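Chemist: One file is attached below, upload.pdb, containing PDB, C-alpha atoms and all ligand atoms.
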ATOM      1  CA  MET A   1      18.974  -3.679   9.850  1.00  0.00           C
ATOM      2  CA  ASN A   2      16.698  -5.499  12.292  1.00  0.00           C
ATOM      3  CA  ILE A   3      14.512  -7.842  10.246  1.00  0.00           C
ATOM      4  CA  ASP A   4      12.041  -8.356  13.112  1.00  0.00           C
ATOM      5  CA  THR A   5      11.454  -4.621  13.363  1.00  0.00           C
ATOM      6  CA  GLN A   6      10.957  -4.426   9.614  1.00  0.00           C
ATOM      7  CA  LYS A   7       8.506  -7.305   9.764  1.00  0.00           C
ATOM      8  CA  GLN A   8       6.504  -5.621  12.530  1.00  0.00           C
ATOM      9  CA  THR A   9       6.463  -2.380  10.552  1.00  0.00           C
ATOM     10  CA  LEU A  10       5.268  -4.185   7.426  1.00  0.00           C
ATOM     11  CA  LEU A  11       2.561  -6.089   9.298  1.00  0.00           C
ATOM     12  CA  ALA A  12       1.345  -2.927  11.047  1.00  0.00           C
ATOM     13  CA  ARG A  13       1.201  -1.059   7.754  1.00  0.00           C
ATOM     14  CA  ARG A  14      -0.622  -3.978   6.147  1.00  0.00           C
ATOM     15  CA  THR A  15      -3.277  -3.953   8.888  1.00  0.00           C
ATOM     16  CA  GLU A  16      -3.658  -0.198   8.534  1.00  0.00           C
ATOM     17  CA  ILE A  17      -4.192  -0.372   4.768  1.00  0.00           C
ATOM     18  CA  THR A  18      -6.536  -3.351   4.997  1.00  0.00           C
ATOM     19  CA  GLN A  19      -8.720  -1.503   7.502  1.00  0.00           C
ATOM     20  CA  HIS A  20      -8.752   1.591   5.328  1.00  0.00           C
ATOM     21  CA  LEU A  21      -9.670  -0.435   2.236  1.00  0.00           C
ATOM     22  CA  VAL A  22     -12.687  -1.833   4.088  1.00  0.00           C
ATOM     23  CA  GLU A  23     -13.772   1.725   4.906  1.00  0.00           C
ATOM     24  CA  VAL A  24     -13.347   2.748   1.264  1.00  0.00           C
ATOM     25  CA  GLU A  25     -15.444  -0.226   0.141  1.00  0.00           C
ATOM     26  CA  ASP A  26     -18.146   0.809   2.598  1.00  0.00           C
ATOM     27  CA  GLN A  27     -18.200   4.332   1.229  1.00  0.00           C
ATOM     28  CA  LEU A  28     -18.336   3.088  -2.364  1.00  0.00           C
ATOM     29  CA  ASP A  29     -21.340   0.941  -1.472  1.00  0.00           C
ATOM     30  CA  ASP A  30     -23.282   3.890  -0.088  1.00  0.00           C
ATOM     31  CA  THR A  31     -26.548   4.554  -1.865  1.00  0.00           C
ATOM     32  CA  PRO A  32     -26.098   7.616  -4.104  1.00  0.00           C
ATOM     33  CA  PRO A  33     -28.021  10.700  -2.985  1.00  0.00           C
ATOM     34  CA  ALA A  34     -31.202  11.471  -4.922  1.00  0.00           C
ATOM     35  CA  ASP A  35     -30.198  15.030  -5.802  1.00  0.00           C
ATOM     36  CA  TRP A  36     -28.409  15.149  -9.172  1.00  0.00           C
ATOM     37  CA  GLU A  37     -25.632  17.547  -8.185  1.00  0.00           C
ATOM     38  CA  ASP A  38     -24.867  15.559  -5.089  1.00  0.00           C
ATOM     39  CA  ARG A  39     -24.745  12.461  -7.214  1.00  0.00           C
ATOM     40  CA  ALA A  40     -22.186  14.037  -9.548  1.00  0.00           C
ATOM     41  CA  SER A  41     -19.918  15.017  -6.686  1.00  0.00           C
ATOM     42  CA  GLU A  42     -20.402  11.626  -5.089  1.00  0.00           C
ATOM     43  CA  ARG A  43     -19.306  10.012  -8.339  1.00  0.00           C
ATOM     44  CA  GLN A  44     -16.180  12.147  -8.418  1.00  0.00           C
ATOM     45  CA  GLY A  45     -15.481  11.195  -4.837  1.00  0.00           C
ATOM     46  CA  ASP A  46     -15.901   7.541  -5.744  1.00  0.00           C
ATOM     47  CA  GLU A  47     -13.310   7.837  -8.491  1.00  0.00           C
ATOM     48  CA  VAL A  48     -10.830   9.329  -6.046  1.00  0.00           C
ATOM     49  CA  LEU A  49     -11.612   6.592  -3.560  1.00  0.00           C
ATOM     50  CA  GLU A  50     -11.231   3.924  -6.222  1.00  0.00           C
ATOM     51  CA  ALA A  51      -7.874   5.285  -7.325  1.00  0.00           C
ATOM     52  CA  LEU A  52      -6.773   5.361  -3.700  1.00  0.00           C
ATOM     53  CA  GLY A  53      -8.033   1.812  -3.256  1.00  0.00           C
ATOM     54  CA  ASN A  54      -5.981   0.649  -6.235  1.00  0.00           C
ATOM     55  CA  THR A  55      -2.854   2.323  -4.872  1.00  0.00           C
ATOM     56  CA  GLU A  56      -3.403   0.684  -1.520  1.00  0.00           C
ATOM     57  CA  ALA A  57      -4.097  -2.720  -3.057  1.00  0.00           C
ATOM     58  CA  ALA A  58      -0.791  -2.400  -4.935  1.00  0.00           C
ATOM     59  CA  GLU A  59       0.965  -1.491  -1.686  1.00  0.00           C
ATOM     60  CA  ILE A  60      -0.441  -4.593   0.021  1.00  0.00           C
ATOM     61  CA  LYS A  61       1.005  -6.711  -2.790  1.00  0.00           C
ATOM     62  CA  GLN A  62       4.399  -5.053  -2.238  1.00  0.00           C
ATOM     63  CA  ILE A  63       4.169  -5.668   1.497  1.00  0.00           C
ATOM     64  CA  ASP A  64       3.216  -9.317   0.969  1.00  0.00           C
ATOM     65  CA  ALA A  65       6.159  -9.730  -1.381  1.00  0.00           C
ATOM     66  CA  ALA A  66       8.458  -8.161   1.214  1.00  0.00           C
ATOM     67  CA  LEU A  67       7.099 -10.482   3.927  1.00  0.00           C
ATOM     68  CA  ALA A  68       7.698 -13.448   1.605  1.00  0.00           C
ATOM     69  CA  ARG A  69      11.290 -12.247   1.131  1.00  0.00           C
ATOM     70  CA  ILE A  70      11.732 -12.087   4.902  1.00  0.00           C
ATOM     71  CA  GLU A  71      10.550 -15.714   5.134  1.00  0.00           C
ATOM     72  CA  ALA A  72      12.850 -16.697   2.263  1.00  0.00           C
ATOM     73  CA  GLY A  73      15.798 -14.872   3.826  1.00  0.00           C
ATOM     74  CA  THR A  74      16.266 -12.588   0.832  1.00  0.00           C
ATOM     75  CA  TYR A  75      14.823  -9.446   2.410  1.00  0.00           C
ATOM     76  CA  GLY A  76      16.926  -6.325   1.859  1.00  0.00           C
ATOM     77  CA  ILE A  77      18.498  -7.681  -1.308  1.00  0.00           C
ATOM     78  CA  CYS A  78      17.666  -5.948  -4.565  1.00  0.00           C
ATOM     79  CA  ALA A  79      15.400  -8.170  -6.686  1.00  0.00           C
ATOM     80  CA  LYS A  80      17.045  -6.887  -9.847  1.00  0.00           C
ATOM     81  CA  CYS A  81      20.789  -6.562  -9.303  1.00  0.00           C
ATOM     82  CA  GLY A  82      21.246  -8.569  -6.095  1.00  0.00           C
ATOM     83  CA  ASP A  83      23.002  -5.758  -4.227  1.00  0.00           C
ATOM     84  CA  PRO A  84      21.990  -5.055  -0.636  1.00  0.00           C
ATOM     85  CA  ILE A  85      19.400  -2.296  -0.277  1.00  0.00           C
ATOM     86  CA  SER A  86      20.610   0.406   2.125  1.00  0.00           C
ATOM     87  CA  ASP A  87      19.210   0.464   5.681  1.00  0.00           C
ATOM     88  CA  GLU A  88      18.260   4.070   5.124  1.00  0.00           C
ATOM     89  CA  ARG A  89      16.069   3.110   2.174  1.00  0.00           C
ATOM     90  CA  LEU A  90      14.508   0.143   3.969  1.00  0.00           C
ATOM     91  CA  THR A  91      13.678   2.285   6.983  1.00  0.00           C
ATOM     92  CA  LEU A  92      11.932   4.755   4.704  1.00  0.00           C
ATOM     93  CA  LEU A  93      10.325   2.117   2.448  1.00  0.00           C
ATOM     94  CA  PRO A  94      10.179  -1.205   4.301  1.00  0.00           C
ATOM     95  CA  ALA A  95       8.560  -2.925   1.290  1.00  0.00           C
ATOM     96  CA  ALA A  96      11.091  -1.646  -1.264  1.00  0.00           C
ATOM     97  CA  PRO A  97      11.960  -4.519  -3.619  1.00  0.00           C
ATOM     98  CA  LEU A  98      14.752  -2.693  -5.461  1.00  0.00           C
ATOM     99  CA  CYS A  99      17.828  -0.712  -4.552  1.00  0.00           C
ATOM    100  CA  LYS A 100      18.067   3.002  -5.275  1.00  0.00           C
ATOM    101  CA  ASN A 101      19.966   2.457  -8.522  1.00  0.00           C
ATOM    102  CA  CYS A 102      17.470  -0.036  -9.968  1.00  0.00           C
ATOM    103  CA  MET A 103      14.480   2.035  -8.903  1.00  0.00           C
ATOM    104  CA  ALA A 104      15.786   5.107 -10.735  1.00  0.00           C
TER
HETATM  105 ZN    ZN B   1      19.516  -3.058  -7.666  1.00  0.00          ZN
END
Give the structure from the file, written as structure tokens.
Ligand SMILES: [Zn+2]
Modeler:
Amino acid sequence: MNIDTQKQTLLARRTEITQHLVEVEDQLDDTPPADWEDRASERQGDEVLEALGNTEAAEIKQIDAALARIEAGTYGICAKCGDPISDERLTLLPAAPLCKNCMA
């Protein structure tokens, strides 16, 4: 496991999410259309966007925690049981705080 690569991946993903969250905020701030039906569908769209925004905000927290673990030298170690997290899992989920067993 190359920690530098993981760090770059995490930082790139963080930038990507942050940019997307700004776009979501912009869309949420849009003035609602005057037509009632459009307004209803816009509201539904806003809920979807908000839910997505929450998911992404949670992912940023996970990424920040992972970056903090890299700094602390504990990256790749399960936060619950202390076992090493497999490279395979970290490649798939660079911000994973727990090993496969603890996540289940
Ligand atoms: Zn574990």
Chemist: I want to know what sits within 6 Å of segment 71-82 of chain A, based on only C-alpha atoms, with residues of the same chain fewer than 2 positions away left out; could you give that as JSON, numbers by chain?
Modeler: {"A": [68, 69, 84, 85, 97, 98, 99]}
Chemist: Applied to this file, what does the PyMOL selection byres (((chain A and resi 13) around 12) and not hetatm) return in terms of residues, put as a list in words?
Modeler: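 Expected selection for the PyMOL selection byres (((chain A and resi 13) around 12) and not hetatm) here is Gln6, Lys7, Gln8, Thr9, Leu10, Leu11, Ala12, Arg14, Thr15, Glu16, Ile17, Thr18, Gln19, His20, Glu56, Glu59, Ile60, Lys61, Gln62, Ile63, Asp64, Leu67, Leu93, Pro94 and Ala95 of chain A.
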Chemist: How many Å lie between atom CA of Ile3 of chain A and atom CA of Leu90 of chain A, rounded to one decimal?
Modeler: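 Distance between the two atoms: 10.2 Å.
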Chemist: Find the spatial neighbours of Asp29 of chain A, counting only C-alpha atoms, within a cut-off of 12 Å - ignore same-chain residues fewer than 4 positions away - and output them as a PyMOL selection string.
Modeler: chain A and resi 22-25+33+42-43+46+49-50
Chemist: Identify which of the residues A:Gln27, A:Asn2, A:Ser41, A:Ser86 lies closest to ligand ZN 1 (chain B), counting only C-alpha atoms and all ligand atoms when measuring atom-to-atom distances.
Modeler: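 Using only C-alpha atoms and all ligand atoms, ligand ZN 1 (chain B) sits closest to A:Ser86.
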Chemist: Figure out the distance between atom CA of Ala65 of chain A and atom CA of Glu88 of chain A, please, to one decimal in Å.
Modeler: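 Distance between the two atoms: 19.5 Å.
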Chemist: How far is it from atom CA of Met1 of chain A to atom CA of Thr91 of chain A, in Å with one decimal?
Modeler: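 Rounded to one decimal, the two atoms are 8.5 Å apart.
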Chemist: Using the file's own x, y and z axes, so that the box edges lie along x, y and z, what centre and edge lengths in Å (one decimal) does a box around every listed atom of segment 65-70 of chain A get when 4 Å is added on each side? Give it as lines of an AutoDock Vina configuration file.
Modeler:
center_x = 8.9
center_y = -10.8
center_z = 1.8
size_x = 13.6
size_y = 13.3
size_z = 14.3
